[in-house]
Amino acid sequence: MTENILELHSISRSYPARQGLFGRKVALRVVDDVSLSLRQSETLALVGESGSGKSTTGRIALGRPNSGYVRFRDAELPPTDTPAWRRMRRQMQMIYQDPLAVLDRRLSILDQVREPLDIHDIGSASGRNEKAMAVLDTVGLNASHAQKLPHQLSGGQRQRAVLARALIMQPALLVCDEPVSALDVSIQAQVVNLLMDLQKDLGLSLLFISHDLKVVRQIAHQTAVMYLGRIVEHGETNLLLSSPAHPYTKALVSAVPVAGRRVRERIILKGEPPNPAARPTGCAFHPRCPVALPECRSISPRFSSLRDGRSVACHAVQTEPSSQDAGS
Ligand SMILES: Nc1ncnc2c1ncn2[C@@H]1O[C@H](COP(=O)(O)OP(=O)(O)OP(=O)(O)O)[C@@H](O)[C@H]1O
Ligand SMILES: [Mg+2]
């Protein structure tokens with residue numbers, strides 16, 4: 001059986017906020033009791049509307065939640081900013097949507113890809129350059145790209161450079177937060193293929209955050225759907241996207257045309273988009289849910305398993321009894 005490289009155990013994250021303009025201070029819970037696992041050399045996608053807590057969950061995977069804990073390679077993540085955490089953190093790298101926010105506009109691509117080795121004083125000066133050139137080659141960039149400044153590259157090339165900078169530390173895990181969302185569609189496919197090749201060649205594990213289900217279908221083995229800080233459905237990607245069980249997953253999937261299949265009727269969700277400052281009681285999705293039952297207003301659904309191994313948190317879905325529990 002494939003082992004888990006990353007496990008999130010009942011993690012939560014709150015931010016301080018004010019209720020109203022001069023209102024009292026409250027803690028806004030934006031990730032709430034999330035448990036997930038990512039298997040070695042596989043990809044787990046995290047999907048959901050804007051503000052559902054995907055990026056926060058991705059950041060927690062590399063750091064520390066307010067409550068709950070993270071296990072990476074069979075060990076609990078140590079407190080952030082300790083030497084032990086820094087050592088572990090090197091094996092976990094993050095890729096963001098905007099490469100220009102990460103790259104230094106004044107430094108050549110080669111200097112920036114080599115920089116992590118300089119910072120950690122790994123290898124000799126010439127050895128570091130060689131390593132940087134080798135990793136640039138791995139991501140499809142050559143010696144002429146290496147000498148350029150970030151603004152002299154295309155968006156896709158810049159994202160490749162960011163990938164090279166992450167890969168030079170030989171990470172086991174990449175957390176990719178919307179890594180292709182800012183790229184042209186044709187370039188998106190190239191970068192997604194590159195990530196899949198890297199996974200095959202280097203055994204990388206990916207936590208892949210995306211709102212694009214077409215990309216998710218291509219890259220992810222497992223998918224977890226988030227709504228207002230909670231996971232509402234989790235399972236094998238093909239199953240989840242071809243026969244979604246949770247009404248929220250159904251609505252997300254219905255918005256994506258699938259080539260060669262009967263076009264599903266688009267489910268338009270009514271009501272307000274999710275807002276952690278106004279979390280509904282019971283199931284947070286119930287005010288927008290087309291199949292809500294009376295108990296959905298007051299009782300938060302527990303996680304249960306479907307026969308095909310998926311987990312769903314919904315009162316309206318027929319499930320098998322399960323030991324997993326999405327919380328109260
Ligand atoms: N540093 C912060 N301080 C206060 N609130 C925050 C902070 N970071 C995120 N939030 C809030 O937490 C919620 C979840 O944000 P998050 O960025 O994790 O969502 P997301 O699913 O990644 O959304 P998107 O698809 O827009 O990137 C949002 O309501 C956001 O406003
Ligand atoms: Mg985000």
# chains A, B, ... in the order shown; residues from 1 in each chain; ligands from 1
$ residues_near_ligand --ligand "ligand 1" --cutoff "9 Å" --atoms "only C-alpha atoms and all ligand atoms" --output "PyMOL selection string"
chain A and resi 13-17+28-31+46-59+177-178+209-211+226-229+274-277
$ write_last_selection --atoms "C-alpha atoms" --output "short mmCIF file (atom, residue, chain, number, x, y, z; two decimals), in the first residue's frame"
data_model
loop_
_atom_site.label_atom_id
_atom_site.label_comp_id
_atom_site.auth_asym_id
_atom_site.auth_seq_id
_atom_site.Cartn_x
_atom_site.Cartn_y
_atom_site.Cartn_z
CA ARG A 13 -7.18 28.27 11.45
CA SER A 14 -8.80 31.48 12.69
CA TYR A 15 -7.98 35.10 11.98
CA PRO A 16 -8.89 38.01 14.23
CA ALA A 17 -11.60 40.24 12.77
CA LEU A 28 -13.03 34.15 12.11
CA ARG A 29 -12.61 30.43 11.55
CA VAL A 30 -11.58 30.10 7.90
CA VAL A 31 -10.36 26.48 8.06
CA LEU A 46 -8.13 21.04 -3.26
CA VAL A 47 -11.05 22.74 -5.01
CA GLY A 48 -13.82 25.15 -4.04
CA GLU A 49 -15.03 28.70 -4.51
CA SER A 50 -12.95 31.75 -3.72
CA GLY A 51 -12.65 32.25 0.04
CA SER A 52 -13.34 28.60 0.90
CA GLY A 53 -9.96 28.28 2.64
CA LYS A 54 -7.85 26.45 0.05
CA SER A 55 -4.76 28.67 0.28
CA THR A 56 -4.96 28.80 4.06
CA THR A 57 -5.06 24.98 4.15
CA GLY A 58 -2.04 24.87 1.80
CA ARG A 59 -0.10 27.23 4.06
CA ASP A 177 -1.47 27.21 -5.19
CA GLU A 178 -3.21 27.93 -8.51
CA ILE A 209 -4.93 23.98 -5.23
CA SER A 210 -7.12 24.97 -8.15
CA HIS A 211 -10.54 26.24 -9.10
CA MET A 226 -13.95 22.70 0.34
CA TYR A 227 -16.87 24.86 1.36
CA LEU A 228 -16.51 27.59 3.99
CA GLY A 229 -13.42 26.07 5.55
CA PRO A 274 -19.62 31.79 1.23
CA ASN A 275 -18.51 34.30 3.87
CA PRO A 276 -16.73 33.11 7.04
CA ALA A 277 -18.03 36.21 8.88
#
$ residues_around --residues "Pro99 in chain A" --least-positions-apart "6" --cutoff "9 Å" --atoms "only C-alpha atoms" --output "list in words"
Pro150, Gly155, Arg158, Gln159, Arg160, Ala161, Val162 and Pro179 of chain A
$ write_last_selection --atoms "N, CA and C atoms" --output "PDB file, in the first residue's frame"
ATOM      1  N   PRO A 150      13.757  38.177 -14.925  1.00  0.00           N
ATOM      2  CA  PRO A 150      12.393  37.622 -14.979  1.00  0.00           C
ATOM      3  C   PRO A 150      11.506  38.283 -16.035  1.00  0.00           C
ATOM      4  N   GLY A 155       5.327  34.305 -19.297  1.00  0.00           N
ATOM      5  CA  GLY A 155       4.704  33.855 -18.045  1.00  0.00           C
ATOM      6  C   GLY A 155       4.998  32.383 -17.770  1.00  0.00           C
ATOM      7  N   ARG A 158       8.583  31.905 -16.767  1.00  0.00           N
ATOM      8  CA  ARG A 158       8.808  32.383 -15.391  1.00  0.00           C
ATOM      9  C   ARG A 158       8.340  31.334 -14.377  1.00  0.00           C
ATOM     10  N   GLN A 159       7.177  30.721 -14.664  1.00  0.00           N
ATOM     11  CA  GLN A 159       6.690  29.703 -13.733  1.00  0.00           C
ATOM     12  C   GLN A 159       7.632  28.492 -13.735  1.00  0.00           C
ATOM     13  N   ARG A 160       8.231  28.183 -14.877  1.00  0.00           N
ATOM     14  CA  ARG A 160       9.228  27.100 -14.920  1.00  0.00           C
ATOM     15  C   ARG A 160      10.435  27.454 -14.045  1.00  0.00           C
ATOM     16  N   ALA A 161      10.841  28.747 -14.105  1.00  0.00           N
ATOM     17  CA  ALA A 161      11.988  29.188 -13.291  1.00  0.00           C
ATOM     18  C   ALA A 161      11.674  29.050 -11.797  1.00  0.00           C
ATOM     19  N   VAL A 162      10.427  29.400 -11.410  1.00  0.00           N
ATOM     20  CA  VAL A 162      10.025  29.265 -10.009  1.00  0.00           C
ATOM     21  C   VAL A 162      10.069  27.789  -9.602  1.00  0.00           C
ATOM     22  N   PRO A 179      -1.145  27.172  -9.629  1.00  0.00           N
ATOM     23  CA  PRO A 179       0.123  27.431 -10.326  1.00  0.00           C
ATOM     24  C   PRO A 179      -0.034  27.780 -11.800  1.00  0.00           C
TER      25      PRO A 179
END
$ closest_residue --among "A:Arg165, A:Ile11, A:Lys250, A:Val312" --to "Asp118 in chain A" --atoms "only C-alpha atoms"
A:Arg165
$ select_by_dssp --residues "range 69-202 of chain A" --states "strand (DSSP E)" --output "list in words"
Tyr69, Val70, Arg71, Phe72, Ala75, Glu76, Met92, Gln93, Met94, Ile95, Leu173, Leu174, Val175, Cys176 and Asp177 of chain A
$ write_last_selection --atoms "N, CA and C atoms" --output "PDB file, in the first residue's frame"
ATOM      1  N   TYR A  69      -3.005  19.007  14.014  1.00  0.00           N
ATOM      2  CA  TYR A  69      -1.566  18.909  13.742  1.00  0.00           C
ATOM      3  C   TYR A  69      -1.329  18.340  12.343  1.00  0.00           C
ATOM      4  N   VAL A  70      -0.073  18.540  11.877  1.00  0.00           N
ATOM      5  CA  VAL A  70       0.325  18.094  10.542  1.00  0.00           C
ATOM      6  C   VAL A  70       1.429  17.061  10.691  1.00  0.00           C
ATOM      7  N   ARG A  71       1.292  15.957   9.985  1.00  0.00           N
ATOM      8  CA  ARG A  71       2.384  14.970   9.944  1.00  0.00           C
ATOM      9  C   ARG A  71       2.988  14.963   8.554  1.00  0.00           C
ATOM     10  N   PHE A  72       4.303  15.012   8.495  1.00  0.00           N
ATOM     11  CA  PHE A  72       5.011  14.941   7.221  1.00  0.00           C
ATOM     12  C   PHE A  72       6.018  13.807   7.341  1.00  0.00           C
ATOM     13  N   ALA A  75       6.373  12.105  10.804  1.00  0.00           N
ATOM     14  CA  ALA A  75       6.732  12.884  11.997  1.00  0.00           C
ATOM     15  C   ALA A  75       5.853  14.119  12.053  1.00  0.00           C
ATOM     16  N   GLU A  76       5.495  14.514  13.249  1.00  0.00           N
ATOM     17  CA  GLU A  76       4.688  15.723  13.379  1.00  0.00           C
ATOM     18  C   GLU A  76       5.562  16.928  13.054  1.00  0.00           C
ATOM     19  N   MET A  92       9.680  20.634   1.627  1.00  0.00           N
ATOM     20  CA  MET A  92       8.309  21.017   1.258  1.00  0.00           C
ATOM     21  C   MET A  92       8.389  22.401   0.626  1.00  0.00           C
ATOM     22  N   GLN A  93       8.128  22.502  -0.636  1.00  0.00           N
ATOM     23  CA  GLN A  93       8.249  23.800  -1.314  1.00  0.00           C
ATOM     24  C   GLN A  93       6.885  24.252  -1.812  1.00  0.00           C
ATOM     25  N   MET A  94       6.767  25.571  -2.027  1.00  0.00           N
ATOM     26  CA  MET A  94       5.463  26.126  -2.412  1.00  0.00           C
ATOM     27  C   MET A  94       5.585  26.844  -3.762  1.00  0.00           C
ATOM     28  N   ILE A  95       4.611  26.667  -4.620  1.00  0.00           N
ATOM     29  CA  ILE A  95       4.549  27.360  -5.908  1.00  0.00           C
ATOM     30  C   ILE A  95       3.260  28.174  -5.919  1.00  0.00           C
ATOM     31  N   LEU A 173       7.711  17.213  -1.444  1.00  0.00           N
ATOM     32  CA  LEU A 173       6.332  17.688  -1.551  1.00  0.00           C
ATOM     33  C   LEU A 173       6.314  19.100  -2.142  1.00  0.00           C
ATOM     34  N   LEU A 174       5.427  19.299  -3.127  1.00  0.00           N
ATOM     35  CA  LEU A 174       5.182  20.649  -3.641  1.00  0.00           C
ATOM     36  C   LEU A 174       3.745  21.018  -3.331  1.00  0.00           C
ATOM     37  N   VAL A 175       3.561  22.175  -2.695  1.00  0.00           N
ATOM     38  CA  VAL A 175       2.215  22.724  -2.540  1.00  0.00           C
ATOM     39  C   VAL A 175       2.067  23.761  -3.651  1.00  0.00           C
ATOM     40  N   CYS A 176       1.169  23.489  -4.585  1.00  0.00           N
ATOM     41  CA  CYS A 176       1.009  24.358  -5.754  1.00  0.00           C
ATOM     42  C   CYS A 176      -0.311  25.107  -5.609  1.00  0.00           C
ATOM     43  N   ASP A 177      -0.241  26.418  -5.397  1.00  0.00           N
ATOM     44  CA  ASP A 177      -1.470  27.209  -5.188  1.00  0.00           C
ATOM     45  C   ASP A 177      -1.824  27.928  -6.493  1.00  0.00           C
TER      46      ASP A 177
END
$ residues_around --residues "Met196 in chain A" --least-positions-apart "4" --cutoff "8 Å" --atoms "only C-alpha atoms" --output "list in words"
Val192, Lys200 and Ile219 of chain A
$ residues_around --residues "range 230-247 of chain A" --least-positions-apart "6" --cutoff "7 Å" --atoms "only C-alpha atoms" --output "list in words"
Val31, Asp32, Asp33, Val34, Arg217, Ala220, His221, Gln222, Thr223, Ala224, Val253, Cys289, Gly309, Arg310, Ser311, Val312, Ala313, Cys314 and Val317 of chain A
$ closest_residue --among "A:Phe208, A:Val185, A:Ile122, A:Leu141" --to "ligand 2" --atoms "only C-alpha atoms and all ligand atoms"
A:Phe208
$ residues_around --residues "His151 in chain A" --least-positions-apart "4" --cutoff "12 Å" --atoms "only C-alpha atoms" --output "list in words"
Pro99, Leu100, Ala101, Leu103, Asp104, Arg105, Arg106, Leu107, Ser108, Ile109, His145, Gln147, Gly155, Gly156, Gln157, Arg158, Gln159 and Ala161 of chain A
$ closest_residue --among "A:Gly203, A:Gln97, A:Ile187, A:Leu136" --to "ligand 2" --atoms "only C-alpha atoms and all ligand atoms"
A:Gln97
$ residues_around --residues "range 169-172 of chain A" --least-positions-apart "4" --cutoff "9 Å" --atoms "only C-alpha atoms" --output "PyMOL selection string"
chain A and resi 5+40-41+89-93+116-117+165+202-206
$ atom_distance --atom1 "CA of Lys214 in chain A" --atom2 "CA of Val291 in chain A"
25.8 Å
$ closest_residue --among "A:Glu42, A:Asp74, A:Asp137, A:Asp98" --to "ligand 2" --atoms "only C-alpha atoms and all ligand atoms"
A:Asp98
$ closest_residue --among "A:Ser126, A:Ser181, A:Gln188, A:Ser35" --to "ligand 2" --atoms "only C-alpha atoms and all ligand atoms"
A:Ser181
$ select_by_dssp --residues "range 122-205 of chain A" --states "helix (DSSP H, G or I)" --output "PyMOL selection string"
chain A and resi 125-138+143-146+150-152+155-167+185-202
$ write_last_selection --atoms "C-alpha atoms" --output "PDB file, in the first residue's frame"
ATOM      1  CA  ALA A 125      30.406  27.714  -6.133  1.00  0.00           C
ATOM      2  CA  SER A 126      30.934  25.903  -9.453  1.00  0.00           C
ATOM      3  CA  GLY A 127      28.960  22.888  -8.253  1.00  0.00           C
ATOM      4  CA  ARG A 128      26.007  25.131  -7.396  1.00  0.00           C
ATOM      5  CA  ASN A 129      26.050  26.695 -10.852  1.00  0.00           C
ATOM      6  CA  GLU A 130      26.127  23.272 -12.464  1.00  0.00           C
ATOM      7  CA  LYS A 131      23.253  22.096 -10.309  1.00  0.00           C
ATOM      8  CA  ALA A 132      21.235  25.202 -11.152  1.00  0.00           C
ATOM      9  CA  MET A 133      21.819  24.675 -14.879  1.00  0.00           C
ATOM     10  CA  ALA A 134      20.826  21.013 -14.564  1.00  0.00           C
ATOM     11  CA  VAL A 135      17.583  21.819 -12.780  1.00  0.00           C
ATOM     12  CA  LEU A 136      16.791  24.557 -15.332  1.00  0.00           C
ATOM     13  CA  ASP A 137      17.220  21.917 -18.007  1.00  0.00           C
ATOM     14  CA  THR A 138      14.787  19.653 -16.116  1.00  0.00           C
ATOM     15  CA  ALA A 143      21.505  28.618 -20.943  1.00  0.00           C
ATOM     16  CA  SER A 144      20.071  31.691 -22.645  1.00  0.00           C
ATOM     17  CA  HIS A 145      17.036  31.724 -20.310  1.00  0.00           C
ATOM     18  CA  ALA A 146      19.432  31.353 -17.383  1.00  0.00           C
ATOM     19  CA  PRO A 150      12.393  37.622 -14.979  1.00  0.00           C
ATOM     20  CA  HIS A 151      10.626  40.269 -17.097  1.00  0.00           C
ATOM     21  CA  GLN A 152      12.519  39.055 -20.186  1.00  0.00           C
ATOM     22  CA  GLY A 155       4.704  33.855 -18.045  1.00  0.00           C
ATOM     23  CA  GLY A 156       5.134  30.113 -18.634  1.00  0.00           C
ATOM     24  CA  GLN A 157       8.928  30.388 -18.609  1.00  0.00           C
ATOM     25  CA  ARG A 158       8.808  32.383 -15.391  1.00  0.00           C
ATOM     26  CA  GLN A 159       6.690  29.703 -13.733  1.00  0.00           C
ATOM     27  CA  ARG A 160       9.228  27.100 -14.920  1.00  0.00           C
ATOM     28  CA  ALA A 161      11.988  29.188 -13.291  1.00  0.00           C
ATOM     29  CA  VAL A 162      10.025  29.265 -10.009  1.00  0.00           C
ATOM     30  CA  LEU A 163       9.653  25.490 -10.248  1.00  0.00           C
ATOM     31  CA  ALA A 164      13.420  25.143 -10.807  1.00  0.00           C
ATOM     32  CA  ARG A 165      14.099  27.273  -7.713  1.00  0.00           C
ATOM     33  CA  ALA A 166      11.837  24.986  -5.678  1.00  0.00           C
ATOM     34  CA  LEU A 167      13.252  21.781  -7.152  1.00  0.00           C
ATOM     35  CA  VAL A 185      -4.608  27.971 -21.747  1.00  0.00           C
ATOM     36  CA  SER A 186      -2.019  26.486 -24.159  1.00  0.00           C
ATOM     37  CA  ILE A 187       0.805  27.265 -21.724  1.00  0.00           C
ATOM     38  CA  GLN A 188      -1.242  25.893 -18.810  1.00  0.00           C
ATOM     39  CA  ALA A 189      -1.231  22.476 -20.462  1.00  0.00           C
ATOM     40  CA  GLN A 190       2.569  22.572 -20.874  1.00  0.00           C
ATOM     41  CA  VAL A 191       3.164  23.430 -17.216  1.00  0.00           C
ATOM     42  CA  VAL A 192       0.662  20.802 -16.032  1.00  0.00           C
ATOM     43  CA  ASN A 193       2.389  18.195 -18.215  1.00  0.00           C
ATOM     44  CA  LEU A 194       5.734  19.275 -16.796  1.00  0.00           C
ATOM     45  CA  LEU A 195       4.456  18.823 -13.231  1.00  0.00           C
ATOM     46  CA  MET A 196       3.148  15.364 -14.126  1.00  0.00           C
ATOM     47  CA  ASP A 197       6.494  14.416 -15.726  1.00  0.00           C
ATOM     48  CA  LEU A 198       8.365  15.674 -12.666  1.00  0.00           C
ATOM     49  CA  GLN A 199       6.106  13.606 -10.448  1.00  0.00           C
ATOM     50  CA  LYS A 200       6.861  10.500 -12.503  1.00  0.00           C
ATOM     51  CA  ASP A 201      10.614  11.121 -12.686  1.00  0.00           C
ATOM     52  CA  LEU A 202      11.269  12.427  -9.168  1.00  0.00           C
TER      53      LEU A 202
END
$ atom_distance --atom1 "CA of Asp212 in chain A" --atom2 "CA of Leu306 in chain A"
24.7 Å
$ atom_distance --atom1 "CA of Glu115 in chain A" --atom2 "CA of Ile168 in chain A"
9.3 Å
$ decode --residues "range 52-74 of chain A" --atoms "N, CA and C atoms" --output "tab-separated table (two decimals), in the first residue's frame"
chain	number	residue	atom	x	y	z
A	52	SER	N	-12.95	29.82	0.18
A	52	SER	CA	-13.34	28.60	0.90
A	52	SER	C	-12.23	28.10	1.84
A	53	GLY	N	-11.03	28.65	1.71
A	53	GLY	CA	-9.96	28.28	2.64
A	53	GLY	C	-8.89	27.39	2.04
A	54	LYS	N	-8.83	27.33	0.71
A	54	LYS	CA	-7.85	26.45	0.05
A	54	LYS	C	-6.42	26.89	0.33
A	55	SER	N	-6.14	28.18	0.09
A	55	SER	CA	-4.76	28.67	0.28
A	55	SER	C	-4.35	28.57	1.74
A	56	THR	N	-5.28	28.88	2.63
A	56	THR	CA	-4.96	28.80	4.06
A	56	THR	C	-4.60	27.36	4.42
A	57	THR	N	-5.36	26.40	3.89
A	57	THR	CA	-5.06	24.98	4.15
A	57	THR	C	-3.67	24.62	3.60
A	58	GLY	N	-3.35	25.13	2.40
A	58	GLY	CA	-2.04	24.87	1.80
A	58	GLY	C	-0.92	25.42	2.67
A	59	ARG	N	-1.13	26.62	3.21
A	59	ARG	CA	-0.10	27.23	4.06
A	59	ARG	C	0.05	26.46	5.37
A	60	ILE	N	-1.07	26.00	5.90
A	60	ILE	CA	-1.00	25.23	7.16
A	60	ILE	C	-0.20	23.95	6.96
A	61	ALA	N	-0.31	23.38	5.75
A	61	ALA	CA	0.39	22.11	5.48
A	61	ALA	C	1.90	22.28	5.67
A	62	LEU	N	2.40	23.51	5.53
A	62	LEU	CA	3.83	23.75	5.68
A	62	LEU	C	4.15	24.41	7.02
A	63	GLY	N	3.15	24.71	7.79
A	63	GLY	CA	3.42	25.48	9.00
A	63	GLY	C	2.67	24.91	10.18
A	64	ARG	N	1.86	25.78	10.81
A	64	ARG	CA	1.22	25.34	12.04
A	64	ARG	C	-0.23	25.81	12.08
A	65	PRO	N	-1.14	24.90	12.37
A	65	PRO	CA	-2.54	25.33	12.52
A	65	PRO	C	-2.79	25.90	13.91
A	66	ASN	N	-3.93	26.55	14.12
A	66	ASN	CA	-4.34	26.97	15.48
A	66	ASN	C	-4.64	25.75	16.32
A	67	SER	N	-5.27	24.77	15.70
A	67	SER	CA	-5.48	23.51	16.41
A	67	SER	C	-5.38	22.37	15.42
A	68	GLY	N	-5.22	21.17	15.95
A	68	GLY	CA	-4.93	20.02	15.10
A	68	GLY	C	-3.43	19.96	14.85
A	69	TYR	N	-3.01	19.01	14.01
A	69	TYR	CA	-1.57	18.91	13.74
A	69	TYR	C	-1.33	18.34	12.34
A	70	VAL	N	-0.07	18.54	11.88
A	70	VAL	CA	0.33	18.09	10.54
A	70	VAL	C	1.43	17.06	10.69
A	71	ARG	N	1.29	15.96	9.98
A	71	ARG	CA	2.38	14.97	9.94
A	71	ARG	C	2.99	14.96	8.55
A	72	PHE	N	4.30	15.01	8.49
A	72	PHE	CA	5.01	14.94	7.22
A	72	PHE	C	6.02	13.81	7.34
A	73	ARG	N	5.92	12.85	6.45
A	73	ARG	CA	6.83	11.69	6.48
A	73	ARG	C	6.92	11.08	7.88
A	74	ASP	N	5.81	10.74	8.44
A	74	ASP	CA	5.77	10.00	9.71
A	74	ASP	C	6.21	10.79	10.94
